[in-house]
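Remarks on the structure that follows.
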Amino acid sequence: MIKFKDRVRGVVLGIAYGDALGAPVEKLSYEEIKKKYGRVNTLNTKWYKADLPANERLYRMKGNGIVTDDTLMTLSLINVYCIKKRHLDAYDLADEFIKEIAFRPKYIPEFGREAFLIERLFYPEKYLFLRHALANCNPREGGIGNMVNCGAAMYIAPVGVVNACDPMAAYNEAISFAMGHQSSYGLEAAGVLAACVAKAFEPDVDISDIIQTALNCAKDGTKKAIEEICNAALKLRKYKDDKDLVVKEFHKIMSYFSPMGDDVNKTIEKVGIPSNYYTPNRLFSIEELPIALGYITLHDGDFQNSVIDGINSGRDTDSIGVMIGAILGAKHGYKVISKEDIETLEKVNKLNLIEAADRFAEVAQYIIQKDLELWEKKKDFYNKLGLGEDSKEGRLNQ
């Protein structure tokens, strides 16, 4: 039996591993990765921009085990839980989470120095500071007007941890929290990912159960995209070694839900030209979550093959790796990652990932224990009302 603490380590280290593995090739297409690298399967991978002048790579460095904002935002959310020691909502995002990303300096591995995390964040994540710290919006309306992307889903896994084995509670809390950051299908993806992580904590859970959980929670285009990708993955299992075929089929399906395809870079030529990229739409889905669940299905939950295939499929590679790593890290625990890779992640990033995971595991256990105590009180109230399992009415309705 895998202990809760080991599963929490699995989530944190799985996120960091998927992030670091995918970071050197982020925004490259599947064909570009294949042409330049053949196949990425090790943390010791050089970033494709590493030889550019510092200003052209925005004074950042990726590759060789370095994590990105996906991991740093996850750790920031963990810190908020460790401070509040309770469940969270959008008001906590507007308060403690903004303090974490904009007012408390941290070591930023890509910069190789300490800085405020907001200096590293992409504009949709900087939007949180604008909306909450500057515009003083209603916290529950913070995500309105933001670019709809995977920005909330990429760091939402800790919500699944504090709701371990209760996926609908995880979904609801993730939506309640992340509505301060995202809207539409970007918000939906955050809820579904948190639910999948919570489900993955159940002992002996299988991959079909996790996928069914995603489908039970998901709405609109997100649900349809997950359903179609995972159904395709089941059919493709006997062809899973044909990487070209799998990517072609997955990307063909996603083109109906995420129209940008490989057109992921922002250039001056595109300014002022209208499109439906990243705009609210009930029929759309972010790409990263269905692709992640597709590879998890394709490989029936095998950690290494799912992560490696996922990040080699191209585009938002680090976030795809993060989502696979979070779900399968919760299912399998941290020992699916080699000691050498864990040592690399700890040493290169100077983040004390295991220490952060263990501290969070204690807080999450405390929150879950409080939930259980509250449920016992509720059961007592229900019994007194004639609604519980000890009542005649309760037995008749079972």
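Each chain in the structure tokens gets a letter, A, B and so on, in the order shown; residues start at 1 in every chain, and ligands are counted from 1 in the order they appear.
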Could you find all residues in segment 241-360 of chain A that DSSP calls alpha helix (DSSP H) from the backbone, and write them as a PyMOL selection string? chain A and resi 243-254+288-298+303-312+317-332+339-349+353-360
Judged by only C-alpha atoms, the minimum distance to Asp206 of chain A among A:Ile118, A:Ile296, A:Val161, A:Val246 is found for A:Ile296
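Across A:Gly22, A:Val67, A:Asn352, A:Leu75, the tightest approach to Tyr48 of chain A is made by A:Gly22 when counting only C-alpha atoms.
Put simply, atom CA of Asn41 of chain A is 11.5 Å away from atom CA of Asn64 of chain A.
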Which residues come within 7 Å of segment 140-142 of chain A, counting only C-alpha atoms, excluding same-chain residues fewer than 3 positions away, as JSON, numbers by chain? {"A": [90, 131, 132, 137, 179, 180, 181]}
Sorted per-residue table, segment 215-238 of chain A near segment 275-284 of chain A, closest atoms and distance, 8 Å, only C-alpha atoms, as a tab-separated table:
residue	atom	partner	partner_atom	distance
A:Asp220	CA	A:Arg282	CA	5.7
A:Gly221	CA	A:Leu283	CA	4.2
A:Thr222	CA	A:Phe284	CA	6.6
Store the residues picked out above, limited to C-alpha atoms, as a tab-separated table (two decimals), in the first residue's frame.
chain	number	residue	atom	x	y	z
A	220	ASP	CA	-19.19	21.39	-22.44
A	221	GLY	CA	-16.19	21.25	-24.81
A	222	THR	CA	-13.84	20.04	-22.09
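Nearest-residue note for Asp358 of chain A: choosing from A:Tyr107, A:Phe129, A:Tyr334, A:Tyr382, the minimum distance belongs to A:Tyr334, counting only C-alpha atoms.
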Contacts of Leu236 of chain A within 8 Å, only C-alpha atoms, excl. fewer than 3 positions in-chain, as a PyMOL selection string: chain A and resi 232-233+239-240+246+298
Lys219 of chain A proximity check over A:Ile98, A:Ala190, A:Leu43, A:Leu72, using only C-alpha atoms: winner is A:Ala190
Separation of atom CA of Pro139 of chain A from atom CA of Ala94 of chain A in Å: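 Here the two named atoms are 5.8 Å from each other.
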Selected residue of minimal separation from Asn231 of chain A among A:Ala50, A:Ala178, A:Leu293, A:Val197, counting only C-alpha atoms: A:Leu293
Could you name the residues that touch Ala292 of chain A at 10 Å or less, counting only C-alpha atoms, but leaving out those on the same chain fewer than 6 positions away, as a PDB file with all heavy atoms, in the first residue's frame?
ATOM      1  N   ILE A 226     -12.124  15.448 -23.879  1.00  0.00           N
ATOM      2  CA  ILE A 226     -11.569  14.339 -23.093  1.00  0.00           C
ATOM      3  C   ILE A 226     -12.140  13.014 -23.566  1.00  0.00           C
ATOM      4  O   ILE A 226     -11.420  12.027 -23.740  1.00  0.00           O
ATOM      5  CB  ILE A 226     -11.837  14.554 -21.591  1.00  0.00           C
ATOM      6  CG1 ILE A 226     -11.028  15.754 -21.068  1.00  0.00           C
ATOM      7  CG2 ILE A 226     -11.486  13.287 -20.786  1.00  0.00           C
ATOM      8  CD1 ILE A 226     -11.418  16.179 -19.663  1.00  0.00           C
ATOM      9  N   ILE A 229     -10.650  12.124 -27.120  1.00  0.00           N
ATOM     10  CA  ILE A 229      -9.221  11.793 -27.054  1.00  0.00           C
ATOM     11  C   ILE A 229      -9.024  10.441 -26.375  1.00  0.00           C
ATOM     12  O   ILE A 229      -8.246   9.595 -26.846  1.00  0.00           O
ATOM     13  CB  ILE A 229      -8.438  12.886 -26.310  1.00  0.00           C
ATOM     14  CG1 ILE A 229      -8.275  14.132 -27.193  1.00  0.00           C
ATOM     15  CG2 ILE A 229      -7.077  12.371 -25.860  1.00  0.00           C
ATOM     16  CD1 ILE A 229      -7.203  14.057 -28.243  1.00  0.00           C
ATOM     17  N   CYS A 230      -9.701  10.222 -25.249  1.00  0.00           N
ATOM     18  CA  CYS A 230      -9.491   8.970 -24.498  1.00  0.00           C
ATOM     19  C   CYS A 230     -10.073   7.764 -25.236  1.00  0.00           C
ATOM     20  O   CYS A 230      -9.502   6.667 -25.182  1.00  0.00           O
ATOM     21  CB  CYS A 230     -10.056   9.094 -23.086  1.00  0.00           C
ATOM     22  SG  CYS A 230      -9.118  10.249 -22.055  1.00  0.00           S
ATOM     23  N   LEU A 298      -3.517   5.857 -23.129  1.00  0.00           N
ATOM     24  CA  LEU A 298      -2.762   5.091 -24.124  1.00  0.00           C
ATOM     25  C   LEU A 298      -1.824   4.106 -23.448  1.00  0.00           C
ATOM     26  O   LEU A 298      -1.703   2.944 -23.874  1.00  0.00           O
ATOM     27  CB  LEU A 298      -1.966   6.043 -25.018  1.00  0.00           C
ATOM     28  CG  LEU A 298      -1.177   5.403 -26.164  1.00  0.00           C
ATOM     29  CD1 LEU A 298      -2.115   4.969 -27.288  1.00  0.00           C
ATOM     30  CD2 LEU A 298      -0.124   6.382 -26.699  1.00  0.00           C
ATOM     31  N   SER A 306       3.993   7.612 -20.348  1.00  0.00           N
ATOM     32  CA  SER A 306       2.970   8.648 -20.498  1.00  0.00           C
ATOM     33  C   SER A 306       3.592  10.035 -20.529  1.00  0.00           C
ATOM     34  O   SER A 306       3.266  10.855 -21.401  1.00  0.00           O
ATOM     35  CB  SER A 306       1.958   8.559 -19.345  1.00  0.00           C
ATOM     36  OG  SER A 306       1.298   7.321 -19.322  1.00  0.00           O
ATOM     37  N   VAL A 307       4.491  10.318 -19.591  1.00  0.00           N
ATOM     38  CA  VAL A 307       5.121  11.645 -19.539  1.00  0.00           C
ATOM     39  C   VAL A 307       5.982  11.888 -20.775  1.00  0.00           C
ATOM     40  O   VAL A 307       5.890  12.949 -21.415  1.00  0.00           O
ATOM     41  CB  VAL A 307       5.971  11.802 -18.257  1.00  0.00           C
ATOM     42  CG1 VAL A 307       6.746  13.125 -18.294  1.00  0.00           C
ATOM     43  CG2 VAL A 307       5.092  11.755 -17.015  1.00  0.00           C
ATOM     44  N   ASP A 309       5.971  10.449 -23.822  1.00  0.00           N
ATOM     45  CA  ASP A 309       5.169  10.620 -25.033  1.00  0.00           C
ATOM     46  C   ASP A 309       4.435  11.958 -25.021  1.00  0.00           C
ATOM     47  O   ASP A 309       4.315  12.629 -26.053  1.00  0.00           O
ATOM     48  CB  ASP A 309       4.150   9.488 -25.161  1.00  0.00           C
ATOM     49  CG  ASP A 309       4.685   8.306 -25.966  1.00  0.00           C
ATOM     50  OD1 ASP A 309       5.906   8.272 -26.219  1.00  0.00           O
ATOM     51  OD2 ASP A 309       3.893   7.428 -26.317  1.00  0.00           O
ATOM     52  N   GLY A 310       3.940  12.341 -23.855  1.00  0.00           N
ATOM     53  CA  GLY A 310       3.198  13.597 -23.746  1.00  0.00           C
ATOM     54  C   GLY A 310       4.043  14.800 -24.085  1.00  0.00           C
ATOM     55  O   GLY A 310       3.620  15.668 -24.867  1.00  0.00           O
ATOM     56  N   ILE A 311       5.235  14.869 -23.543  1.00  0.00           N
ATOM     57  CA  ILE A 311       6.056  16.064 -23.799  1.00  0.00           C
ATOM     58  C   ILE A 311       6.640  16.044 -25.212  1.00  0.00           C
ATOM     59  O   ILE A 311       6.903  17.097 -25.794  1.00  0.00           O
ATOM     60  CB  ILE A 311       7.147  16.262 -22.727  1.00  0.00           C
ATOM     61  CG1 ILE A 311       8.220  15.188 -22.779  1.00  0.00           C
ATOM     62  CG2 ILE A 311       6.536  16.348 -21.341  1.00  0.00           C
ATOM     63  CD1 ILE A 311       9.479  15.625 -23.470  1.00  0.00           C
ATOM     64  N   THR A 317       4.491  21.729 -23.986  1.00  0.00           N
ATOM     65  CA  THR A 317       5.041  20.466 -23.515  1.00  0.00           C
ATOM     66  C   THR A 317       5.203  20.387 -22.005  1.00  0.00           C
ATOM     67  O   THR A 317       4.943  19.340 -21.401  1.00  0.00           O
ATOM     68  CB  THR A 317       6.400  20.215 -24.183  1.00  0.00           C
ATOM     69  OG1 THR A 317       7.211  21.386 -24.031  1.00  0.00           O
ATOM     70  CG2 THR A 317       6.239  19.944 -25.670  1.00  0.00           C
ATOM     71  N   SER A 319       3.505  21.938 -19.607  1.00  0.00           N
ATOM     72  CA  SER A 319       2.228  21.802 -18.895  1.00  0.00           C
ATOM     73  C   SER A 319       1.584  20.438 -19.124  1.00  0.00           C
ATOM     74  O   SER A 319       0.925  19.903 -18.222  1.00  0.00           O
ATOM     75  CB  SER A 319       1.268  22.918 -19.322  1.00  0.00           C
ATOM     76  OG  SER A 319       1.757  24.176 -18.883  1.00  0.00           O
ATOM     77  N   ILE A 320       1.771  19.863 -20.305  1.00  0.00           N
ATOM     78  CA  ILE A 320       1.294  18.491 -20.532  1.00  0.00           C
ATOM     79  C   ILE A 320       2.030  17.544 -19.582  1.00  0.00           C
ATOM     80  O   ILE A 320       1.414  16.680 -18.928  1.00  0.00           O
ATOM     81  CB  ILE A 320       1.518  18.072 -22.000  1.00  0.00           C
ATOM     82  CG1 ILE A 320       0.612  18.885 -22.929  1.00  0.00           C
ATOM     83  CG2 ILE A 320       1.241  16.565 -22.181  1.00  0.00           C
ATOM     84  CD1 ILE A 320       0.925  18.709 -24.404  1.00  0.00           C
ATOM     85  N   GLY A 321       3.338  17.706 -19.467  1.00  0.00           N
ATOM     86  CA  GLY A 321       4.126  16.877 -18.554  1.00  0.00           C
ATOM     87  C   GLY A 321       3.706  17.054 -17.114  1.00  0.00           C
ATOM     88  O   GLY A 321       3.639  16.088 -16.335  1.00  0.00           O
ATOM     89  N   VAL A 322       3.402  18.291 -16.720  1.00  0.00           N
ATOM     90  CA  VAL A 322       2.965  18.589 -15.351  1.00  0.00           C
ATOM     91  C   VAL A 322       1.662  17.869 -15.025  1.00  0.00           C
ATOM     92  O   VAL A 322       1.513  17.277 -13.943  1.00  0.00           O
ATOM     93  CB  VAL A 322       2.793  20.112 -15.185  1.00  0.00           C
ATOM     94  CG1 VAL A 322       1.912  20.446 -13.984  1.00  0.00           C
ATOM     95  CG2 VAL A 322       4.154  20.779 -15.023  1.00  0.00           C
ATOM     96  N   MET A 323       0.716  17.899 -15.937  1.00  0.00           N
ATOM     97  CA  MET A 323      -0.593  17.299 -15.666  1.00  0.00           C
ATOM     98  C   MET A 323      -0.515  15.780 -15.577  1.00  0.00           C
ATOM     99  O   MET A 323      -1.135  15.168 -14.710  1.00  0.00           O
ATOM    100  CB  MET A 323      -1.602  17.751 -16.726  1.00  0.00           C
ATOM    101  CG  MET A 323      -1.877  19.238 -16.664  1.00  0.00           C
ATOM    102  SD  MET A 323      -3.060  19.793 -17.906  1.00  0.00           S
ATOM    103  CE  MET A 323      -2.828  21.569 -17.793  1.00  0.00           C
ATOM    104  N   ILE A 324       0.270  15.184 -16.458  1.00  0.00           N
ATOM    105  CA  ILE A 324       0.484  13.735 -16.373  1.00  0.00           C
ATOM    106  C   ILE A 324       1.212  13.397 -15.082  1.00  0.00           C
ATOM    107  O   ILE A 324       0.832  12.461 -14.355  1.00  0.00           O
ATOM    108  CB  ILE A 324       1.287  13.227 -17.588  1.00  0.00           C
ATOM    109  CG1 ILE A 324       0.502  13.444 -18.886  1.00  0.00           C
ATOM    110  CG2 ILE A 324       1.630  11.741 -17.421  1.00  0.00           C
ATOM    111  CD1 ILE A 324       1.298  13.156 -20.146  1.00  0.00           C
ATOM    112  N   GLY A 325       2.256  14.159 -14.772  1.00  0.00           N
ATOM    113  CA  GLY A 325       3.048  13.905 -13.570  1.00  0.00           C
ATOM    114  C   GLY A 325       2.239  14.027 -12.296  1.00  0.00           C
ATOM    115  O   GLY A 325       2.418  13.245 -11.357  1.00  0.00           O
ATOM    116  N   ILE A 327      -1.123  13.585 -11.873  1.00  0.00           N
ATOM    117  CA  ILE A 327      -2.105  12.502 -11.731  1.00  0.00           C
ATOM    118  C   ILE A 327      -1.424  11.173 -11.434  1.00  0.00           C
ATOM    119  O   ILE A 327      -1.788  10.464 -10.489  1.00  0.00           O
ATOM    120  CB  ILE A 327      -2.966  12.399 -13.007  1.00  0.00           C
ATOM    121  CG1 ILE A 327      -3.814  13.662 -13.184  1.00  0.00           C
ATOM    122  CG2 ILE A 327      -3.869  11.159 -12.946  1.00  0.00           C
ATOM    123  CD1 ILE A 327      -4.482  13.783 -14.541  1.00  0.00           C
TER     124      ILE A 327
END
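Shortest separation to Met73 of chain A among A:Leu121, A:Ile337, A:Ala54, A:Ala361 occurs at residue A:Leu121, atoms counted being only C-alpha atoms.
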Grab the atom CA of Ile210 of chain A to atom CA of Lys84 of chain A distance for me, in Å with one decimal place.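 Between atom CA of Ile210 of chain A and atom CA of Lys84 of chain A the gap works out to 28.7 Å.
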For Val25 of chain A, work out the shell of residues within 10 Å, counting only C-alpha atoms and skipping chain neighbours fewer than 6 positions away, then give it as a ChimeraX atom specification. /A:32-33,36-37,40,45-49,62-63,311-312,314-318
Going by DSSP on the backbone, which bits of segment 52-185 of chain A are strand (DSSP E or B)? Write them as JSON, numbers by chain, please. {"A": [63, 106, 107, 108, 113, 114, 115]}
